[in-house]
>>> print(open('upload-v1.cif').read())   # mmCIF, C-alpha atoms and all ligand atoms
data_coords
#
loop_
_atom_site.label_atom_id
_atom_site.label_comp_id
_atom_site.auth_asym_id
_atom_site.auth_seq_id
_atom_site.Cartn_x
_atom_site.Cartn_y
_atom_site.Cartn_z
CA MET D 1 162.57 9.24 128.70
CA LEU D 2 162.28 9.94 124.96
CA VAL D 3 161.10 13.41 124.09
CA ASN D 4 160.27 13.18 120.40
CA PRO D 5 156.75 11.60 120.23
CA GLU D 6 157.18 10.31 116.67
CA ILE D 7 160.38 8.43 117.45
CA ARG D 8 158.87 7.26 120.72
CA GLN D 9 155.92 5.70 118.91
CA LYS D 10 158.20 3.87 116.45
CA LEU D 11 160.40 2.53 119.22
CA TRP D 12 157.37 1.49 121.23
CA LYS D 13 156.09 -0.60 118.31
CA PHE D 14 159.52 -2.17 118.04
CA THR D 15 159.50 -2.91 121.78
CA LEU D 16 156.19 -4.78 121.47
CA ARG D 17 157.61 -7.14 118.84
CA THR D 18 159.61 -9.50 121.05
CA PRO D 19 160.19 -12.77 119.16
CA TYR D 20 160.19 -14.75 122.37
CA SER D 21 157.66 -15.52 125.02
CA SER D 22 157.87 -17.05 128.45
CA ASP D 23 155.83 -16.85 131.66
CA TYR D 24 158.86 -15.18 133.17
CA LEU D 25 159.10 -12.47 130.53
CA LEU D 26 157.16 -9.33 131.36
CA GLN D 27 155.89 -7.90 128.13
CA PRO D 28 154.61 -4.30 128.01
CA LYS D 29 151.24 -4.05 126.30
CA GLU D 30 149.54 -0.75 126.65
CA TRP D 31 151.20 2.62 126.29
CA GLY D 32 151.15 4.56 129.54
CA LYS D 33 150.27 1.51 131.64
CA LYS D 34 152.86 0.62 134.22
CA ILE D 35 153.68 -3.00 134.89
CA ASP D 36 152.40 -4.22 138.24
CA ILE D 37 155.63 -5.78 139.45
CA LYS D 38 154.13 -7.18 142.65
CA LYS D 39 151.56 -9.14 140.66
CA CYS D 40 154.27 -10.56 138.40
CA PHE D 41 156.25 -12.18 141.22
CA PRO D 42 155.15 -14.83 143.75
CA ASP D 43 153.48 -13.67 146.98
CA HIS D 44 156.43 -14.52 149.21
CA ILE D 45 158.64 -11.86 147.57
CA LYS D 46 159.35 -9.03 150.01
CA ASN D 47 161.50 -6.61 148.00
CA TYR D 48 162.77 -6.06 144.47
CA TRP D 49 166.04 -5.44 142.66
CA LEU D 50 166.36 -4.14 139.13
CA GLU D 51 169.35 -5.10 136.99
CA LEU D 52 169.92 -2.99 133.88
CA GLY D 53 171.84 -4.75 131.12
CA SER D 54 171.92 -8.14 132.84
CA GLY D 55 173.89 -9.83 130.04
CA TRP D 56 174.00 -13.62 130.43
CA GLY D 57 172.44 -13.32 133.88
CA GLU D 58 175.18 -14.90 135.97
CA VAL D 59 175.07 -12.20 138.66
CA ALA D 60 171.28 -12.18 139.01
CA ILE D 61 171.15 -16.00 139.14
CA GLU D 62 173.66 -16.11 142.01
CA LEU D 63 171.90 -13.28 143.86
CA ALA D 64 168.51 -14.93 143.35
CA LYS D 65 169.80 -18.23 144.76
CA LYS D 66 171.06 -16.51 147.91
CA ASN D 67 168.04 -14.20 148.35
CA PRO D 68 164.87 -16.21 147.73
CA THR D 69 162.55 -13.51 149.10
CA THR D 70 163.95 -10.83 146.78
CA GLY D 71 162.51 -10.49 143.29
CA PHE D 72 165.02 -9.72 140.53
CA LEU D 73 163.81 -7.90 137.45
CA LEU D 74 166.33 -8.09 134.63
CA MET D 75 166.30 -5.68 131.71
CA GLU D 76 168.36 -6.91 128.78
CA ARG D 77 167.77 -6.06 125.14
CA LYS D 78 169.58 -9.07 123.62
CA ILE D 79 167.12 -11.95 123.44
CA ASP D 80 169.76 -14.69 123.23
CA ARG D 81 171.12 -13.52 126.60
CA VAL D 82 167.65 -13.52 128.14
CA ILE D 83 167.01 -17.03 126.81
CA ALA D 84 170.33 -18.27 128.23
CA THR D 85 169.47 -16.75 131.62
CA GLU D 86 166.03 -18.33 131.50
CA GLU D 87 167.57 -21.76 130.85
CA LYS D 88 169.74 -21.42 133.96
CA ARG D 89 166.81 -20.13 136.01
CA LYS D 90 164.68 -23.10 134.96
CA GLU D 91 167.41 -25.62 135.70
CA LEU D 92 167.74 -24.23 139.23
CA GLY D 93 163.99 -23.84 139.76
CA LEU D 94 164.32 -20.20 140.81
CA GLU D 95 160.98 -18.41 141.03
CA ASN D 96 162.28 -14.95 141.89
CA ILE D 97 163.57 -13.82 138.48
CA ARG D 98 161.67 -12.00 135.72
CA TYR D 99 162.85 -10.38 132.49
CA MET D 100 162.08 -7.48 130.25
CA THR D 101 163.69 -7.24 126.83
CA VAL D 102 163.10 -3.51 126.79
CA ASN D 103 165.86 -1.09 125.89
CA PHE D 104 166.21 0.79 129.15
CA GLN D 105 167.38 3.92 127.37
CA TRP D 106 164.02 4.13 125.59
CA PHE D 107 161.33 3.06 128.05
CA PHE D 108 162.20 2.74 131.60
CA SER D 109 160.40 5.03 133.97
CA GLU D 110 157.36 4.78 131.65
CA LEU D 111 156.95 1.07 132.48
CA LEU D 112 158.00 0.81 136.08
CA GLU D 113 156.34 2.12 139.18
CA LYS D 114 158.04 4.66 141.38
CA GLU D 115 159.84 3.58 144.56
CA MET D 116 159.60 -0.12 143.66
CA PHE D 117 163.21 -1.19 143.93
CA GLU D 118 165.48 -1.59 146.89
CA THR D 119 168.52 -1.78 144.62
CA VAL D 120 169.28 -0.87 141.03
CA LEU D 121 172.27 -2.70 139.64
CA ILE D 122 174.24 -1.52 136.59
CA ASN D 123 177.27 -3.66 135.88
CA PHE D 124 179.57 -2.79 133.01
CA PRO D 125 177.32 -0.64 130.85
CA ASP D 126 178.75 0.13 127.43
CA PRO D 127 181.49 2.76 128.07
CA TRP D 128 181.35 4.38 124.60
CA PRO D 129 184.98 5.49 124.86
CA LYS D 130 185.02 7.85 121.85
CA ARG D 131 184.09 11.44 122.67
CA LYS D 132 181.59 11.64 119.79
CA HIS D 133 179.76 8.62 121.28
CA HIS D 134 179.60 9.88 124.87
CA LYS D 135 176.00 10.94 124.21
CA ASN D 136 175.09 7.24 124.12
CA ARG D 137 176.28 6.57 127.64
CA VAL D 138 173.54 5.66 130.06
CA MET D 139 174.91 7.48 133.09
CA LYS D 140 173.59 11.01 132.67
CA PRO D 141 171.83 13.44 135.04
CA LYS D 142 168.36 12.68 133.61
CA PHE D 143 168.92 8.93 133.91
CA LEU D 144 170.08 9.29 137.52
CA GLU D 145 166.90 11.20 138.26
CA GLU D 146 164.85 8.35 136.83
CA VAL D 147 166.76 5.77 138.85
CA HIS D 148 166.21 7.95 141.91
CA ASN D 149 162.45 7.85 141.26
CA LEU D 150 162.41 4.08 140.90
CA LEU D 151 164.32 3.46 144.10
CA ALA D 152 162.46 2.89 147.35
CA PRO D 153 163.32 5.20 150.26
CA ASN D 154 166.85 4.27 151.41
CA GLY D 155 167.36 2.42 148.14
CA ARG D 156 170.79 2.17 146.53
CA LEU D 157 172.43 2.16 143.16
CA LEU D 158 175.33 -0.21 142.51
CA PHE D 159 177.52 0.51 139.52
CA ALA D 160 180.63 -1.16 138.10
CA THR D 161 182.90 -0.41 135.16
CA ASP D 162 186.34 -1.43 133.99
CA TYR D 163 186.80 1.83 132.09
CA GLY D 164 188.56 4.43 134.25
CA PRO D 165 187.42 7.58 132.39
CA TYR D 166 183.78 6.43 132.64
CA ALA D 167 184.21 5.75 136.37
CA ARG D 168 185.64 9.25 136.85
CA LYS D 169 182.80 10.79 134.86
CA CYS D 170 180.26 8.96 137.05
CA ILE D 171 182.00 10.05 140.25
CA SER D 172 181.78 13.63 139.03
CA LEU D 173 178.09 13.19 138.10
CA PHE D 174 177.33 11.92 141.60
CA ARG D 175 179.19 14.85 143.16
CA LYS D 176 176.93 17.23 141.28
CA THR D 177 173.61 15.68 142.30
CA SER D 178 171.93 16.03 145.66
CA LYS D 179 169.80 12.95 144.94
CA PHE D 180 172.46 10.42 145.93
CA ASN D 181 175.14 10.25 148.57
CA TRP D 182 177.70 7.69 149.69
CA GLU D 183 178.67 6.22 152.99
CA GLY D 184 182.10 6.68 154.53
CA MET D 185 185.10 8.32 152.89
CA GLU D 186 185.41 6.21 149.77
CA GLU D 187 183.74 7.35 146.58
CA TYR D 188 184.70 4.13 144.83
CA PHE D 189 186.20 0.72 145.55
CA PHE D 190 188.46 -1.65 143.66
CA ASP D 191 186.76 -4.72 145.03
CA ARG D 192 183.27 -5.88 145.95
CA PRO D 193 183.78 -8.82 148.28
CA GLU D 194 181.14 -11.53 148.41
CA PHE D 195 179.30 -10.14 145.41
CA PRO D 196 178.90 -12.51 142.44
CA ARG D 197 180.96 -11.86 139.31
CA SER D 198 179.88 -12.40 135.74
CA PHE D 199 182.00 -14.08 133.10
CA PHE D 200 182.60 -10.61 131.61
CA GLU D 201 183.91 -9.27 134.92
CA THR D 202 186.11 -12.30 135.51
CA GLU D 203 187.56 -11.95 132.03
CA LYS D 204 188.37 -8.27 132.59
CA ARG D 205 190.02 -9.07 135.92
CA ASN D 206 192.08 -11.85 134.32
CA GLU D 207 193.25 -9.34 131.71
CA GLY D 208 194.54 -7.24 134.62
CA LYS D 209 191.93 -4.51 134.23
CA GLN D 210 191.11 -2.34 137.23
CA ILE D 211 187.44 -2.50 138.15
CA TYR D 212 185.72 0.51 139.72
CA TYR D 213 182.72 -0.10 141.95
CA LEU D 214 180.48 2.76 143.00
CA GLU D 215 177.73 2.50 145.59
CA ARG D 216 175.28 5.33 146.13
CA ASN D 217 172.31 5.76 148.46
CA LYS D 218 169.11 7.49 147.55
CA VAL D 219 168.70 10.74 149.45
C1 LIG D 301 179.12 -5.32 128.77
S1 LIG D 301 177.65 -6.19 128.96
C2 LIG D 301 177.62 -6.49 130.72
C3 LIG D 301 176.64 -7.54 131.09
C4 LIG D 301 176.51 -7.84 132.59
N1 LIG D 301 175.97 -6.72 133.31
C5 LIG D 301 177.81 -8.29 133.17
O1 LIG D 301 178.26 -7.69 134.14
O2 LIG D 301 178.35 -9.27 132.65
C6 LIG D 301 176.40 -4.94 128.79
C7 LIG D 301 175.02 -5.53 128.61
O3 LIG D 301 174.05 -4.50 128.67
C8 LIG D 301 173.09 -4.70 127.62
N2 LIG D 301 172.59 -3.37 127.28
C9 LIG D 301 173.33 -2.31 126.92
N3 LIG D 301 172.54 -1.24 126.72
C10 LIG D 301 171.26 -1.65 126.95
C11 LIG D 301 170.00 -0.99 126.90
N4 LIG D 301 169.91 0.28 126.57
N5 LIG D 301 168.89 -1.69 127.20
C12 LIG D 301 168.98 -3.01 127.54
N6 LIG D 301 170.15 -3.69 127.61
C13 LIG D 301 171.28 -3.02 127.32
C14 LIG D 301 173.90 -5.34 126.51
O4 LIG D 301 173.07 -6.04 125.61
C15 LIG D 301 174.85 -6.23 127.28
O5 LIG D 301 174.30 -7.51 127.49
#
>>> encode(input="upload-v1.cif", output="structure tokens", more="lines below")
Ligand SMILES: C[S@@+](CC[C@H](N)C(=O)[O-])C[C@H]1O[C@@H](n2cnc3c(N)ncnc32)[C@H](O)[C@@H]1O
Amino acid sequence: MLVNPEIRQKLWKFTLRTPYSSDYLLQPKEWGKKIDIKKCFPDHIKNYWLELGSGWGEVAIELAKKNPTTGFLLMERKIDRVIATEEKRKELGLENIRYMTVNFQWFFSELLEKEMFETVLINFPDPWPKRKHHKNRVMKPKFLEEVHNLLAPNGRLLFATDYGPYARKCISLFRKTSKFNWEGMEEYFFDRPEFPRSFFETEKRNEGKQIYYLERNKV
């Protein structure tokens, strides 16, 4: 995703220096070599989900409990959050979760194979409310293209935010791309029944914040 080769090289070196290791952590090694996701999960896994910015992992843990034949790959750059998720995973004996501590705004499509994931989940990405920081937001046309590439045919992207202007921006982004569409009349929902909620989401709801859920299908 990064265009400047010099910066890319520096960030790649930084990415390789994860001060944590676990059998469940997928660590990139060689530049240009994609991670063989199927080999990293047990044989009984039938399909894969990718969660970007998985935080403390509450959502993925719940989903993994309910869907033992789905493999969940979690990308989260904060190691303490990955370690906390790993502790919960271990306690529950779940074998269908793996992590990457990679910054998904740096290396993303470089490390993952095309059409691998049935679902890509992005819950509450940083909204960067100030106009001068909008460039840092993850939801951009190029990023959507990359997500489109990673999704399997008929795959879907699930997105949630508690920040109305970001939700509206995303709705407008999706209107402008032919790579995703949505089912039915609703472009967004205020609820996502039967879907697990993280502590962050619960906190926002308790504060009375409106949550916007977007669901898009790969075209
Ligand atoms: C507001 S929290 C939401 C966490 C979780 N999705 C939830 O619903 O509770 C955003 C998370 O995304 C992670 N994050 C943000 N940008 C990231 C990036 N570029 N690469 C990896 N993780 C990122 C942050 O470290 C943080 O844990």
>>> closest_atom_pairs(input="upload-v1.cif", of="chain D", to="ligand LIG 301 (chain D)", cutoff="6 Å", atoms="only C-alpha atoms and all ligand atoms", output="CSV")
residue,atom,partner,partner_atom,distance
D:Gly53,CA,D:LIG301,O3,3.3
D:Ser54,CA,D:LIG301,N1,4.3
D:Gly55,CA,D:LIG301,O5,3.5
D:Met75,CA,D:LIG301,C12,5.6
D:Glu76,CA,D:LIG301,N6,3.9
D:Arg77,CA,D:LIG301,C12,4.1
D:Lys78,CA,D:LIG301,O4,5.0
D:Val102,CA,D:LIG301,C12,5.9
D:Asn103,CA,D:LIG301,N5,3.4
D:Phe104,CA,D:LIG301,N5,4.1
D:Gln105,CA,D:LIG301,N4,4.5
D:Asn123,CA,D:LIG301,N1,4.2
D:Phe124,CA,D:LIG301,C2,4.8
D:Pro125,CA,D:LIG301,C6,4.9
D:Asp126,CA,D:LIG301,C1,5.6
D:Ser198,CA,D:LIG301,O2,4.7
D:Phe200,CA,D:LIG301,O2,4.6
D:Glu201,CA,D:LIG301,O1,5.9
>>> closest_residue(input="upload-v1.cif", among="D:Leu92, D:Met100, D:Leu74, D:Ile35", to="Ser21 in chain D", atoms="all atoms listed in the file")
D:Met100
>>> closest_residue(input="upload-v1.cif", among="D:Phe72, D:Phe108, D:Asn154, D:Thr119", to="Lys142 in chain D", atoms="only C-alpha atoms")
D:Phe108
>>> residues_around(input="upload-v1.cif", residues="Tyr166 in chain D", least_positions_apart="4", cutoff="10 Å", atoms="all atoms listed in the file", output="PDB file with C-alpha atoms, keeping the file's coordinate frame")
ATOM      1  CA  PRO D 125     177.320  -0.640 130.850  1.00  0.00           C
ATOM      2  CA  ASP D 126     178.750   0.130 127.430  1.00  0.00           C
ATOM      3  CA  PRO D 127     181.490   2.760 128.070  1.00  0.00           C
ATOM      4  CA  TRP D 128     181.350   4.380 124.600  1.00  0.00           C
ATOM      5  CA  PRO D 129     184.980   5.490 124.860  1.00  0.00           C
ATOM      6  CA  HIS D 134     179.600   9.880 124.870  1.00  0.00           C
ATOM      7  CA  ARG D 137     176.280   6.570 127.640  1.00  0.00           C
ATOM      8  CA  MET D 139     174.910   7.480 133.090  1.00  0.00           C
ATOM      9  CA  ALA D 160     180.630  -1.160 138.100  1.00  0.00           C
ATOM     10  CA  THR D 161     182.900  -0.410 135.160  1.00  0.00           C
ATOM     11  CA  ASP D 162     186.340  -1.430 133.990  1.00  0.00           C
ATOM     12  CA  CYS D 170     180.260   8.960 137.050  1.00  0.00           C
ATOM     13  CA  ILE D 171     182.000  10.050 140.250  1.00  0.00           C
ATOM     14  CA  SER D 172     181.780  13.630 139.030  1.00  0.00           C
ATOM     15  CA  TYR D 212     185.720   0.510 139.720  1.00  0.00           C
TER      16      TYR D 212
END
>>> atom_distance(input="upload-v1.cif", atom1="CA of Ile97 in chain D", atom2="CA of Ile61 in chain D")
7.9 Å
>>> closest_residue(input="upload-v1.cif", among="D:His133, D:Pro68, D:Glu58, D:Trp106", to="Gln9 in chain D", atoms="only C-alpha atoms")
D:Trp106
>>> atom_distance(input="upload-v1.cif", atom1="CA of Glu145 in chain D", atom2="CA of Leu11 in chain D")
21.9 Å
>>> atom_distance(input="upload-v1.cif", atom1="CA of Asn217 in chain D", atom2="CA of Val59 in chain D")
20.6 Å
>>> closest_residue(input="upload-v1.cif", among="D:Lys209, D:Arg8, D:Arg98, D:Lys130", to="Gln27 in chain D", atoms="only C-alpha atoms")
D:Arg98
>>> residues_around(input="upload-v1.cif", residues="Pro42 in chain D", least_positions_apart="5", cutoff="9 Å", atoms="all atoms listed in the file", output="VMD selection string")
chain D and resid 71 95 to 96
>>> closest_residue(input="upload-v1.cif", among="D:Arg197, D:Lys29, D:Lys13, D:Lys218", to="Phe174 in chain D", atoms="all atoms listed in the file")
D:Lys218
>>> residues_near_point(input="upload-v1.cif", point="(155.6, 6.0, 126.7)", cutoff="6 Å", atoms="only C-alpha atoms", output="PyMOL selection string")
chain D and resi 31-32+110
>>> write_last_selection(input="upload-v1.cif", atoms="C-alpha atoms", output="mmCIF file, in the coordinates of the input")
data_model
loop_
_atom_site.group_PDB
_atom_site.id
_atom_site.type_symbol
_atom_site.label_atom_id
_atom_site.label_comp_id
_atom_site.auth_asym_id
_atom_site.auth_seq_id
_atom_site.Cartn_x
_atom_site.Cartn_y
_atom_site.Cartn_z
ATOM 1 C CA TRP D 31 151.200 2.620 126.290
ATOM 2 C CA GLY D 32 151.150 4.560 129.540
ATOM 3 C CA GLU D 110 157.360 4.780 131.650
#
>>> closest_residue(input="upload-v1.cif", among="D:Phe199, D:Phe41, D:Tyr213, D:Phe159", to="Trp56 in chain D", atoms="all atoms listed in the file")
D:Phe199
>>> residues_near_point(input="upload-v1.cif", point="(165.9, 5.8, 135.3)", cutoff="12 Å", atoms="all atoms listed in the file", output="PDB file with C-alpha atoms, in the frame of the given file")
ATOM      1  CA  MET D   1     162.570   9.240 128.700  1.00  0.00           C
ATOM      2  CA  LEU D   2     162.280   9.940 124.960  1.00  0.00           C
ATOM      3  CA  LEU D  50     166.360  -4.140 139.130  1.00  0.00           C
ATOM      4  CA  GLU D  51     169.350  -5.100 136.990  1.00  0.00           C
ATOM      5  CA  LEU D  52     169.920  -2.990 133.880  1.00  0.00           C
ATOM      6  CA  ASN D 103     165.860  -1.090 125.890  1.00  0.00           C
ATOM      7  CA  PHE D 104     166.210   0.790 129.150  1.00  0.00           C
ATOM      8  CA  GLN D 105     167.380   3.920 127.370  1.00  0.00           C
ATOM      9  CA  TRP D 106     164.020   4.130 125.590  1.00  0.00           C
ATOM     10  CA  PHE D 107     161.330   3.060 128.050  1.00  0.00           C
ATOM     11  CA  PHE D 108     162.200   2.740 131.600  1.00  0.00           C
ATOM     12  CA  SER D 109     160.400   5.030 133.970  1.00  0.00           C
ATOM     13  CA  GLU D 110     157.360   4.780 131.650  1.00  0.00           C
ATOM     14  CA  LEU D 111     156.950   1.070 132.480  1.00  0.00           C
ATOM     15  CA  LEU D 112     158.000   0.810 136.080  1.00  0.00           C
ATOM     16  CA  GLU D 113     156.340   2.120 139.180  1.00  0.00           C
ATOM     17  CA  LYS D 114     158.040   4.660 141.380  1.00  0.00           C
ATOM     18  CA  GLU D 115     159.840   3.580 144.560  1.00  0.00           C
ATOM     19  CA  PHE D 117     163.210  -1.190 143.930  1.00  0.00           C
ATOM     20  CA  VAL D 120     169.280  -0.870 141.030  1.00  0.00           C
ATOM     21  CA  LEU D 121     172.270  -2.700 139.640  1.00  0.00           C
ATOM     22  CA  ILE D 122     174.240  -1.520 136.590  1.00  0.00           C
ATOM     23  CA  VAL D 138     173.540   5.660 130.060  1.00  0.00           C
ATOM     24  CA  MET D 139     174.910   7.480 133.090  1.00  0.00           C
ATOM     25  CA  LYS D 140     173.590  11.010 132.670  1.00  0.00           C
ATOM     26  CA  PRO D 141     171.830  13.440 135.040  1.00  0.00           C
ATOM     27  CA  LYS D 142     168.360  12.680 133.610  1.00  0.00           C
ATOM     28  CA  PHE D 143     168.920   8.930 133.910  1.00  0.00           C
ATOM     29  CA  LEU D 144     170.080   9.290 137.520  1.00  0.00           C
ATOM     30  CA  GLU D 145     166.900  11.200 138.260  1.00  0.00           C
ATOM     31  CA  GLU D 146     164.850   8.350 136.830  1.00  0.00           C
ATOM     32  CA  VAL D 147     166.760   5.770 138.850  1.00  0.00           C
ATOM     33  CA  HIS D 148     166.210   7.950 141.910  1.00  0.00           C
ATOM     34  CA  ASN D 149     162.450   7.850 141.260  1.00  0.00           C
ATOM     35  CA  LEU D 150     162.410   4.080 140.900  1.00  0.00           C
ATOM     36  CA  LEU D 151     164.320   3.460 144.100  1.00  0.00           C
ATOM     37  CA  LEU D 157     172.430   2.160 143.160  1.00  0.00           C
TER      38      LEU D 157
END
>>> build_atoms(input="upload-v1.cif", residues="range 207-219 of chain D", atoms="N, CA and C atoms", output="PDB file, keeping the file's coordinate frame")
ATOM      1  N   GLU D 207     192.429 -10.153 132.630  1.00  0.00           N
ATOM      2  CA  GLU D 207     193.250  -9.340 131.710  1.00  0.00           C
ATOM      3  C   GLU D 207     194.055  -8.291 132.480  1.00  0.00           C
ATOM      4  N   GLY D 208     193.813  -8.206 133.781  1.00  0.00           N
ATOM      5  CA  GLY D 208     194.540  -7.240 134.620  1.00  0.00           C
ATOM      6  C   GLY D 208     193.881  -5.879 134.675  1.00  0.00           C
ATOM      7  N   LYS D 209     192.643  -5.798 134.204  1.00  0.00           N
ATOM      8  CA  LYS D 209     191.930  -4.510 134.230  1.00  0.00           C
ATOM      9  C   LYS D 209     191.511  -4.137 135.649  1.00  0.00           C
ATOM     10  N   GLN D 210     191.580  -2.857 135.935  1.00  0.00           N
ATOM     11  CA  GLN D 210     191.110  -2.340 137.230  1.00  0.00           C
ATOM     12  C   GLN D 210     189.592  -2.165 137.160  1.00  0.00           C
ATOM     13  N   ILE D 211     188.892  -2.681 138.142  1.00  0.00           N
ATOM     14  CA  ILE D 211     187.440  -2.500 138.150  1.00  0.00           C
ATOM     15  C   ILE D 211     187.087  -1.433 139.191  1.00  0.00           C
ATOM     16  N   TYR D 212     186.183  -0.559 138.821  1.00  0.00           N
ATOM     17  CA  TYR D 212     185.720   0.510 139.720  1.00  0.00           C
ATOM     18  C   TYR D 212     184.294   0.200 140.125  1.00  0.00           C
ATOM     19  N   TYR D 213     184.063   0.155 141.438  1.00  0.00           N
ATOM     20  CA  TYR D 213     182.720  -0.100 141.950  1.00  0.00           C
ATOM     21  C   TYR D 213     182.239   1.152 142.679  1.00  0.00           C
ATOM     22  N   LEU D 214     181.066   1.604 142.326  1.00  0.00           N
ATOM     23  CA  LEU D 214     180.480   2.760 143.000  1.00  0.00           C
ATOM     24  C   LEU D 214     179.188   2.315 143.677  1.00  0.00           C
ATOM     25  N   GLU D 215     178.968   2.818 144.879  1.00  0.00           N
ATOM     26  CA  GLU D 215     177.730   2.500 145.590  1.00  0.00           C
ATOM     27  C   GLU D 215     177.136   3.805 146.098  1.00  0.00           C
ATOM     28  N   ARG D 216     175.893   4.061 145.742  1.00  0.00           N
ATOM     29  CA  ARG D 216     175.280   5.330 146.130  1.00  0.00           C
ATOM     30  C   ARG D 216     173.916   5.073 146.768  1.00  0.00           C
ATOM     31  N   ASN D 217     173.604   5.899 147.783  1.00  0.00           N
ATOM     32  CA  ASN D 217     172.310   5.760 148.460  1.00  0.00           C
ATOM     33  C   ASN D 217     171.360   6.853 147.997  1.00  0.00           C
ATOM     34  N   LYS D 218     170.116   6.490 147.884  1.00  0.00           N
ATOM     35  CA  LYS D 218     169.110   7.490 147.550  1.00  0.00           C
ATOM     36  C   LYS D 218     168.948   8.466 148.723  1.00  0.00           C
ATOM     37  N   VAL D 219     168.918   9.742 148.402  1.00  0.00           N
ATOM     38  CA  VAL D 219     168.700  10.740 149.450  1.00  0.00           C
ATOM     39  C   VAL D 219     167.214  11.074 149.470  1.00  0.00           C
TER      40      VAL D 219
END
